[in-house]
file start.cif (mmCIF, C-alpha atoms and all ligand atoms)
data_structure
loop_
_atom_site.label_atom_id
_atom_site.label_comp_id
_atom_site.auth_asym_id
_atom_site.auth_seq_id
_atom_site.Cartn_x
_atom_site.Cartn_y
_atom_site.Cartn_z
CA MET R 1 -5.76 -17.33 11.65
CA ALA R 2 -4.56 -14.15 9.94
CA GLU R 3 -2.07 -16.12 7.81
CA GLU R 4 -4.85 -18.36 6.53
CA ALA R 5 -6.98 -15.28 5.81
CA LYS R 6 -4.17 -13.69 3.80
CA LYS R 7 -3.84 -16.83 1.72
CA LEU R 8 -7.61 -17.01 1.06
CA ALA R 9 -7.70 -13.41 -0.17
CA ALA R 10 -4.62 -13.91 -2.37
CA TYR R 11 -5.91 -17.09 -4.00
CA ALA R 12 -9.34 -15.57 -4.67
CA ALA R 13 -7.80 -12.50 -6.31
CA VAL R 14 -5.54 -14.57 -8.55
CA ASP R 15 -8.39 -16.93 -9.51
CA ASN R 16 -10.73 -14.06 -10.41
CA HIS R 17 -8.41 -11.53 -11.99
CA VAL R 18 -5.43 -13.25 -13.61
CA GLN R 19 -5.37 -15.09 -16.91
CA ASN R 20 -2.54 -16.67 -18.83
CA ASN R 21 -0.19 -14.39 -20.77
CA GLN R 22 -1.13 -11.30 -18.81
CA ALA R 23 1.30 -8.73 -17.46
CA VAL R 24 0.74 -8.71 -13.70
CA GLY R 25 2.20 -6.23 -11.21
CA VAL R 26 2.81 -7.28 -7.62
CA GLY R 27 3.81 -5.26 -4.58
CA SER R 28 5.48 -6.32 -1.35
CA GLY R 29 4.52 -7.62 2.07
CA SER R 30 3.43 -10.82 3.75
CA THR R 31 0.04 -11.09 1.97
CA ILE R 32 1.20 -10.65 -1.61
CA VAL R 33 3.67 -13.49 -1.10
CA TYR R 34 0.75 -15.93 -1.33
CA ALA R 35 -0.50 -14.40 -4.58
CA ALA R 36 3.00 -14.41 -6.07
CA ARG R 37 3.39 -18.08 -5.15
CA GLN R 38 0.03 -18.85 -6.75
CA LEU R 39 0.93 -16.89 -9.88
CA ILE R 40 4.17 -18.81 -10.28
CA LEU R 41 2.47 -22.17 -9.74
CA GLN R 42 -0.67 -21.56 -11.83
CA HIS R 43 0.54 -19.27 -14.56
CA GLY R 44 4.32 -19.80 -14.79
CA LEU R 45 5.07 -16.18 -13.90
CA SER R 46 8.24 -14.80 -15.46
CA LEU R 47 9.99 -11.69 -14.20
CA SER R 48 9.87 -8.38 -16.08
CA ASP R 49 9.88 -4.64 -15.35
CA LEU R 50 8.06 -1.46 -16.35
CA ASP R 51 10.61 -0.69 -19.08
CA ARG R 52 9.46 -3.81 -20.92
CA HIS R 53 5.86 -3.83 -19.67
CA PRO R 54 4.76 -0.24 -18.93
CA GLU R 55 1.11 -1.31 -19.23
CA LEU R 56 -0.06 -4.00 -16.84
CA ASP R 57 -3.26 -6.00 -17.15
CA VAL R 58 -3.65 -6.17 -13.42
CA ALA R 59 -1.74 -5.23 -10.27
CA ILE R 60 -2.30 -7.10 -7.00
CA ASP R 61 -1.01 -5.87 -3.66
CA GLY R 62 -1.59 -5.90 0.08
CA ALA R 63 -2.53 -2.87 2.17
CA ASP R 64 -2.24 -1.68 5.75
CA GLU R 65 -5.85 -0.45 5.86
CA VAL R 66 -8.77 -0.31 3.41
CA ASP R 67 -11.77 1.92 4.04
CA ALA R 68 -15.36 1.64 2.83
CA ARG R 69 -14.54 3.58 -0.37
CA LEU R 70 -11.43 1.52 -1.16
CA THR R 71 -9.10 4.30 -0.07
CA LEU R 72 -5.93 2.64 1.19
CA ILE R 73 -3.08 3.28 3.54
CA LYS R 74 0.02 1.53 2.22
CA GLY R 75 3.71 1.69 2.97
CA GLY R 76 3.95 -0.18 6.26
CA GLY R 77 6.90 -1.94 4.66
CA GLY R 78 8.25 1.30 3.16
CA CYS R 79 7.65 0.51 -0.53
CA LEU R 80 4.77 2.90 -1.16
CA THR R 81 6.26 4.87 -4.05
CA GLN R 82 7.18 1.91 -6.23
CA GLU R 83 3.91 0.19 -5.33
CA LYS R 84 1.91 3.27 -6.33
CA ILE R 85 3.76 3.46 -9.63
CA VAL R 86 2.99 -0.19 -10.37
CA ALA R 87 -0.68 0.20 -9.40
CA GLY R 88 -0.90 3.31 -11.60
CA CYS R 89 0.34 1.32 -14.61
CA ALA R 90 -2.38 -1.32 -14.26
CA LYS R 91 -5.76 -1.49 -15.98
CA GLN R 92 -7.08 -3.04 -12.79
CA PHE R 93 -5.74 -2.74 -9.24
CA VAL R 94 -6.81 -5.47 -6.83
CA VAL R 95 -6.12 -5.35 -3.08
CA ILE R 96 -5.75 -8.41 -0.89
CA ALA R 97 -5.86 -8.34 2.89
CA ASP R 98 -6.87 -10.22 5.99
CA PHE R 99 -9.89 -9.19 8.06
CA ARG R 100 -7.80 -6.93 10.35
CA LYS R 101 -7.24 -4.42 7.53
CA ASP R 102 -10.92 -3.81 6.82
CA SER R 103 -12.07 -0.45 8.11
CA LYS R 104 -14.99 1.95 7.72
CA VAL R 105 -12.82 5.00 8.27
CA LEU R 106 -9.04 5.15 7.89
CA GLY R 107 -7.25 5.20 11.22
CA GLN R 108 -9.59 2.73 12.94
CA GLN R 109 -7.33 -0.28 12.32
CA TRP R 110 -3.88 0.95 11.27
CA LYS R 111 -2.50 3.00 14.16
CA LYS R 112 0.92 3.86 12.76
CA GLY R 113 -0.26 6.69 10.53
CA VAL R 114 0.15 7.48 6.84
CA PRO R 115 3.65 6.77 5.52
CA ILE R 116 5.07 9.64 3.47
CA GLU R 117 8.30 9.22 1.51
CA VAL R 118 10.48 12.34 1.65
CA ILE R 119 13.81 13.55 0.31
CA PRO R 120 16.17 13.15 3.32
CA MET R 121 17.22 16.84 3.59
CA ALA R 122 13.55 17.88 3.69
CA HIS R 123 12.22 15.63 6.43
CA VAL R 124 12.10 18.31 9.15
CA PRO R 125 10.38 21.06 7.10
CA VAL R 126 7.96 18.57 5.55
CA SER R 127 7.05 17.16 8.97
CA ARG R 128 6.46 20.67 10.37
CA THR R 129 4.34 21.72 7.40
CA ILE R 130 2.13 18.63 7.58
CA VAL R 131 1.53 19.04 11.32
CA ARG R 132 0.85 22.78 11.00
CA ARG R 133 -1.67 22.27 8.19
CA PHE R 134 -3.32 19.00 9.11
CA GLY R 135 -2.58 18.41 12.81
CA GLY R 136 -1.38 15.17 14.38
CA VAL R 137 2.29 14.19 14.55
CA ALA R 138 4.70 13.18 11.77
CA ASN R 139 7.64 11.10 12.99
CA LEU R 140 10.72 10.04 11.11
CA ARG R 141 10.63 6.23 10.78
CA MET R 142 13.66 4.70 12.47
CA ALA R 143 15.30 1.37 11.75
CA VAL R 144 14.44 -1.40 14.21
CA SER R 145 18.05 -1.28 15.42
CA LYS R 146 17.53 2.48 16.12
CA ALA R 147 20.90 3.02 14.40
CA GLY R 148 19.34 5.55 12.01
CA PRO R 149 16.31 6.33 9.84
CA VAL R 150 14.77 3.72 7.55
CA VAL R 151 16.07 4.30 4.00
CA THR R 152 13.71 3.38 1.17
CA ASP R 153 14.49 1.60 -2.11
CA ASN R 154 14.71 5.09 -3.61
CA CYS R 155 17.26 6.27 -0.99
CA ASN R 156 14.73 8.46 0.80
CA PHE R 157 13.30 8.68 4.35
CA ILE R 158 9.78 7.97 5.60
CA LEU R 159 7.60 10.09 7.86
CA ASP R 160 4.71 8.33 9.60
CA TRP R 161 1.94 10.89 9.97
CA LYS R 162 -0.49 10.05 12.77
CA PHE R 163 -3.54 12.10 11.89
CA ASP R 164 -6.47 13.24 14.01
CA GLY R 165 -9.90 11.95 12.95
CA ALA R 166 -11.51 11.62 9.53
CA GLN R 167 -10.12 13.65 6.64
CA ASP R 168 -10.95 14.43 3.05
CA TRP R 169 -8.34 12.04 1.68
CA THR R 170 -8.39 13.33 -1.89
CA GLU R 171 -7.68 16.85 -0.69
CA VAL R 172 -5.12 15.82 1.92
CA ASN R 173 -3.25 13.56 -0.51
CA THR R 174 -3.06 16.29 -3.14
CA ALA R 175 -1.98 18.94 -0.63
CA ILE R 176 0.75 16.78 0.93
CA LYS R 177 2.10 15.88 -2.50
CA MET R 178 2.51 19.60 -3.25
CA ILE R 179 4.88 20.17 -0.29
CA PRO R 180 8.46 20.52 -1.60
CA GLY R 181 10.46 17.46 -0.59
CA VAL R 182 7.54 15.00 -0.60
CA VAL R 183 8.14 12.14 -3.01
CA GLU R 184 4.90 10.21 -2.50
CA THR R 185 2.25 9.44 0.08
CA GLY R 186 0.96 6.08 1.25
CA LEU R 187 -2.61 7.27 0.59
CA PHE R 188 -4.01 5.42 -2.43
CA VAL R 189 -7.13 7.39 -3.30
CA GLY R 190 -9.36 6.28 -6.18
CA MET R 191 -6.86 3.65 -7.32
CA ALA R 192 -8.20 0.31 -6.09
CA ASP R 193 -10.90 -1.39 -8.16
CA ARG R 194 -11.55 -4.38 -5.85
CA ALA R 195 -10.53 -5.58 -2.42
CA TYR R 196 -10.54 -9.19 -1.23
CA PHE R 197 -10.61 -9.79 2.52
CA GLY R 198 -9.87 -13.21 3.96
CA MET R 199 -12.17 -13.60 6.96
CA GLU R 200 -11.80 -15.41 10.29
CA ASP R 201 -14.51 -17.94 9.37
CA GLY R 202 -12.71 -19.03 6.21
CA SER R 203 -14.85 -16.99 3.80
CA VAL R 204 -13.70 -14.22 1.47
CA GLN R 205 -15.45 -10.86 1.34
CA VAL R 206 -15.21 -8.79 -1.83
CA ARG R 207 -15.62 -5.03 -1.98
C1 LIG R 301 4.45 -2.32 1.83
C2 LIG R 301 2.97 -2.35 1.81
C3 LIG R 301 2.30 -3.63 2.12
O1 LIG R 301 1.49 -4.00 1.06
C4 LIG R 301 1.47 -3.43 3.36
O2 LIG R 301 2.32 -2.99 4.42
C5 LIG R 301 0.77 -4.72 3.78
O3 LIG R 301 1.70 -5.67 4.17
P1 LIG R 301 1.26 -7.08 4.74
O4 LIG R 301 0.60 -7.83 3.62
O5 LIG R 301 2.55 -7.71 5.21
O6 LIG R 301 0.32 -6.83 5.90
O7 LIG R 301 2.31 -1.37 1.54
O8 LIG R 301 4.96 -1.03 1.66
#

call {"tool": "encode", "arguments": {"input": "start.cif", "output": "structure tokens"}}
result
Amino acid sequence: MAEEAKKLAAYAAVDNHVQNNQAVGVGSGSTIVYAARQLILQHGLSLSDLDRHPELDVAIDGADEVDARLTLIKGGGGCLTQEKIVAGCAKQFVVIADFRKDSKVLGQQWKKGVPIEVIPMAHVPVSRTIVRRFGGVANLRMAVSKAGPVVTDNCNFILDWKFDGAQDWTEVNTAIKMIPGVVETGLFVGMADRAYFGMEDGSVQVR
């Protein structure tokens, strides 16, 4: 059911937002795979990078949670920093998700908290500062094997901050980014232009 919903959202986003000869940014995760497949099949996608294409026509990506104002939590897969850079380079940023990601208020659906990428030597002070200032708990993300922390594509660690209740996400995002040692947060505030949700009944809802 959820797999079908991911595919519906991905296909709708590609159909409505991608044209031939455009520079398209994609993120990572199980939902964007469907959009990437569609892009390759429909538009003959060829691989590039931000050195050659620093301006993108559109970026499409999944999300862990999307609230009523299109504020996102991303980084469940640990790629938040590179995904935020790609989204920031795009004229239009389109989110695709299945119905489970749709939320009025962040924290209702995604229970693992906001991922925050940190410089490894700073993970303890950053975690303490976040909890002191904003409450909740901020845990170092461990590898599934428990052999050690998850290491990102940028050779950093991830804290998962489980917050208490609703927050002013613009303020919180800015404040967390100012803490020495923080590389990036998984809060995408004011970045998404559209979200496509594949629904259980086979429809697609657009926000
Ligand atoms: C990776 C991400 C993903 O986009 C997010 O976790 C959603 O993944 P999926 O489509 O598999 O549910 O932010 O860092």

call {"tool": "closest_residue", "arguments": {"input": "start.cif", "among": "R:Lys84, R:His43, R:Lys74, R:His17", "to": "ligand LIG 301 (chain R)", "atoms": "all atoms listed in the file"}}
result
R:Lys74

call {"tool": "residues_near_ligand", "arguments": {"input": "start.cif", "ligand": "ligand LIG 301 (chain R)", "cutoff": "7 Å", "atoms": "all atoms listed in the file", "output": "list in words"}}
result
Gly27, Ser28, Gly29, Ser30, Thr31, Ile32, Asp61, Gly62, Ala63, Asp64, Lys74, Gly75, Gly76, Gly77, Gly78, Cys79, Leu80 and Ala97 of chain R

call {"tool": "closest_residue", "arguments": {"input": "start.cif", "among": "R:Val182, R:Ile73, R:Cys89, R:Val204", "to": "Trp169 (chain R)", "atoms": "all atoms listed in the file"}}
result
R:Ile73

call {"tool": "closest_residue", "arguments": {"input": "start.cif", "among": "R:Val114, R:Pro149, R:Arg128, R:Lys104", "to": "Val172 (chain R)", "atoms": "all atoms listed in the file"}}
result
R:Val114

call {"tool": "residues_around", "arguments": {"input": "start.cif", "residues": "Gly135 (chain R)", "least_positions_apart": "2", "cutoff": "7 Å", "atoms": "all atoms listed in the file", "output": "ChimeraX atom specification"}}
result
/R:131-133,137,163-164

call {"tool": "closest_residue", "arguments": {"input": "start.cif", "among": "R:Glu4, R:Glu83, R:Asp160, R:Asp153", "to": "Lys111 (chain R)", "atoms": "only C-alpha atoms"}}
result
R:Asp160

call {"tool": "closest_residue", "arguments": {"input": "start.cif", "among": "R:Ala192, R:Val144, R:Ile119, R:Phe157", "to": "Pro180 (chain R)", "atoms": "all atoms listed in the file"}}
result
R:Ile119

call {"tool": "decode", "arguments": {"input": "start.cif", "residues": "region 81-161 of chain R", "atoms": "C-alpha atoms", "output": "PDB file, in the first residue's frame"}}
result
ATOM      1  CA  THR R  81      23.099  18.199   4.383  1.00  0.00           C
ATOM      2  CA  GLN R  82      23.646  17.254   0.757  1.00  0.00           C
ATOM      3  CA  GLU R  83      19.885  17.128   0.182  1.00  0.00           C
ATOM      4  CA  LYS R  84      19.452  20.621   1.629  1.00  0.00           C
ATOM      5  CA  ILE R  85      22.238  21.939  -0.587  1.00  0.00           C
ATOM      6  CA  VAL R  86      20.589  20.440  -3.676  1.00  0.00           C
ATOM      7  CA  ALA R  87      17.150  21.789  -2.715  1.00  0.00           C
ATOM      8  CA  GLY R  88      18.697  25.218  -2.103  1.00  0.00           C
ATOM      9  CA  CYS R  89      20.120  25.259  -5.637  1.00  0.00           C
ATOM     10  CA  ALA R  90      16.729  24.629  -7.248  1.00  0.00           C
ATOM     11  CA  LYS R  91      14.244  27.159  -8.597  1.00  0.00           C
ATOM     12  CA  GLN R  92      11.520  24.815  -7.415  1.00  0.00           C
ATOM     13  CA  PHE R  93      11.641  22.177  -4.669  1.00  0.00           C
ATOM     14  CA  VAL R  94       9.015  19.454  -4.860  1.00  0.00           C
ATOM     15  CA  VAL R  95       8.438  16.890  -2.105  1.00  0.00           C
ATOM     16  CA  ILE R  96       7.045  13.417  -2.685  1.00  0.00           C
ATOM     17  CA  ALA R  97       5.731  11.168   0.052  1.00  0.00           C
ATOM     18  CA  ASP R  98       3.213   8.523   0.940  1.00  0.00           C
ATOM     19  CA  PHE R  99       0.200   9.298   3.138  1.00  0.00           C
ATOM     20  CA  ARG R 100       2.056   8.334   6.359  1.00  0.00           C
ATOM     21  CA  LYS R 101       4.292  11.406   6.113  1.00  0.00           C
ATOM     22  CA  ASP R 102       1.463  13.941   6.023  1.00  0.00           C
ATOM     23  CA  SER R 103       1.134  15.799   9.301  1.00  0.00           C
ATOM     24  CA  LYS R 104      -0.536  18.913  10.695  1.00  0.00           C
ATOM     25  CA  VAL R 105       2.215  19.496  13.231  1.00  0.00           C
ATOM     26  CA  LEU R 106       5.742  18.075  13.073  1.00  0.00           C
ATOM     27  CA  GLY R 107       6.255  15.203  15.490  1.00  0.00           C
ATOM     28  CA  GLN R 108       2.805  13.659  14.975  1.00  0.00           C
ATOM     29  CA  GLN R 109       4.015  11.100  12.428  1.00  0.00           C
ATOM     30  CA  TRP R 110       7.820  10.921  12.551  1.00  0.00           C
ATOM     31  CA  LYS R 111       8.774   9.785  16.043  1.00  0.00           C
ATOM     32  CA  LYS R 112      12.547   9.604  15.657  1.00  0.00           C
ATOM     33  CA  GLY R 113      13.164  13.327  16.045  1.00  0.00           C
ATOM     34  CA  VAL R 114      14.992  15.929  13.966  1.00  0.00           C
ATOM     35  CA  PRO R 115      18.288  14.672  12.534  1.00  0.00           C
ATOM     36  CA  ILE R 116      21.164  17.100  13.094  1.00  0.00           C
ATOM     37  CA  GLU R 117      24.521  16.557  11.403  1.00  0.00           C
ATOM     38  CA  VAL R 118      27.437  17.428  13.697  1.00  0.00           C
ATOM     39  CA  ILE R 119      31.224  17.478  13.592  1.00  0.00           C
ATOM     40  CA  PRO R 120      32.204  14.261  15.462  1.00  0.00           C
ATOM     41  CA  MET R 121      34.260  15.941  18.240  1.00  0.00           C
ATOM     42  CA  ALA R 122      31.323  18.242  19.041  1.00  0.00           C
ATOM     43  CA  HIS R 123      28.507  15.738  19.411  1.00  0.00           C
ATOM     44  CA  VAL R 124      28.394  15.797  23.223  1.00  0.00           C
ATOM     45  CA  PRO R 125      28.447  19.610  23.692  1.00  0.00           C
ATOM     46  CA  VAL R 126      25.991  20.109  20.837  1.00  0.00           C
ATOM     47  CA  SER R 127      23.607  17.525  22.286  1.00  0.00           C
ATOM     48  CA  ARG R 128      23.788  19.153  25.744  1.00  0.00           C
ATOM     49  CA  THR R 129      23.221  22.642  24.357  1.00  0.00           C
ATOM     50  CA  ILE R 130      20.186  21.600  22.324  1.00  0.00           C
ATOM     51  CA  VAL R 131      18.568  19.815  25.271  1.00  0.00           C
ATOM     52  CA  ARG R 132      19.306  22.701  27.665  1.00  0.00           C
ATOM     53  CA  ARG R 133      17.824  25.287  25.300  1.00  0.00           C
ATOM     54  CA  PHE R 134      14.981  23.410  23.663  1.00  0.00           C
ATOM     55  CA  GLY R 135      14.228  20.401  25.882  1.00  0.00           C
ATOM     56  CA  GLY R 136      13.716  16.825  24.734  1.00  0.00           C
ATOM     57  CA  VAL R 137      16.592  14.396  24.175  1.00  0.00           C
ATOM     58  CA  ALA R 138      19.297  14.358  21.494  1.00  0.00           C
ATOM     59  CA  ASN R 139      20.812  10.926  20.908  1.00  0.00           C
ATOM     60  CA  LEU R 140      23.809   9.994  18.824  1.00  0.00           C
ATOM     61  CA  ARG R 141      22.584   7.834  15.921  1.00  0.00           C
ATOM     62  CA  MET R 142      24.201   4.410  16.059  1.00  0.00           C
ATOM     63  CA  ALA R 143      24.796   1.988  13.209  1.00  0.00           C
ATOM     64  CA  VAL R 144      22.313  -0.886  13.023  1.00  0.00           C
ATOM     65  CA  SER R 145      25.158  -3.232  13.975  1.00  0.00           C
ATOM     66  CA  LYS R 146      25.713  -1.057  17.109  1.00  0.00           C
ATOM     67  CA  ALA R 147      29.434  -1.208  16.262  1.00  0.00           C
ATOM     68  CA  GLY R 148      29.673   2.599  16.332  1.00  0.00           C
ATOM     69  CA  PRO R 149      27.948   5.837  15.326  1.00  0.00           C
ATOM     70  CA  VAL R 150      26.474   6.330  11.861  1.00  0.00           C
ATOM     71  CA  VAL R 151      28.970   8.297   9.744  1.00  0.00           C
ATOM     72  CA  THR R 152      27.500  10.565   7.068  1.00  0.00           C
ATOM     73  CA  ASP R 153      28.674  11.116   3.486  1.00  0.00           C
ATOM     74  CA  ASN R 154      30.514  14.146   4.868  1.00  0.00           C
ATOM     75  CA  CYS R 155      32.298  12.081   7.565  1.00  0.00           C
ATOM     76  CA  ASN R 156      30.199  13.531  10.376  1.00  0.00           C
ATOM     77  CA  PHE R 157      27.844  12.132  13.055  1.00  0.00           C
ATOM     78  CA  ILE R 158      24.087  12.541  13.447  1.00  0.00           C
ATOM     79  CA  LEU R 159      22.121  13.490  16.540  1.00  0.00           C
ATOM     80  CA  ASP R 160      18.412  12.641  16.541  1.00  0.00           C
ATOM     81  CA  TRP R 161      16.678  15.313  18.597  1.00  0.00           C
TER      82      TRP R 161
END
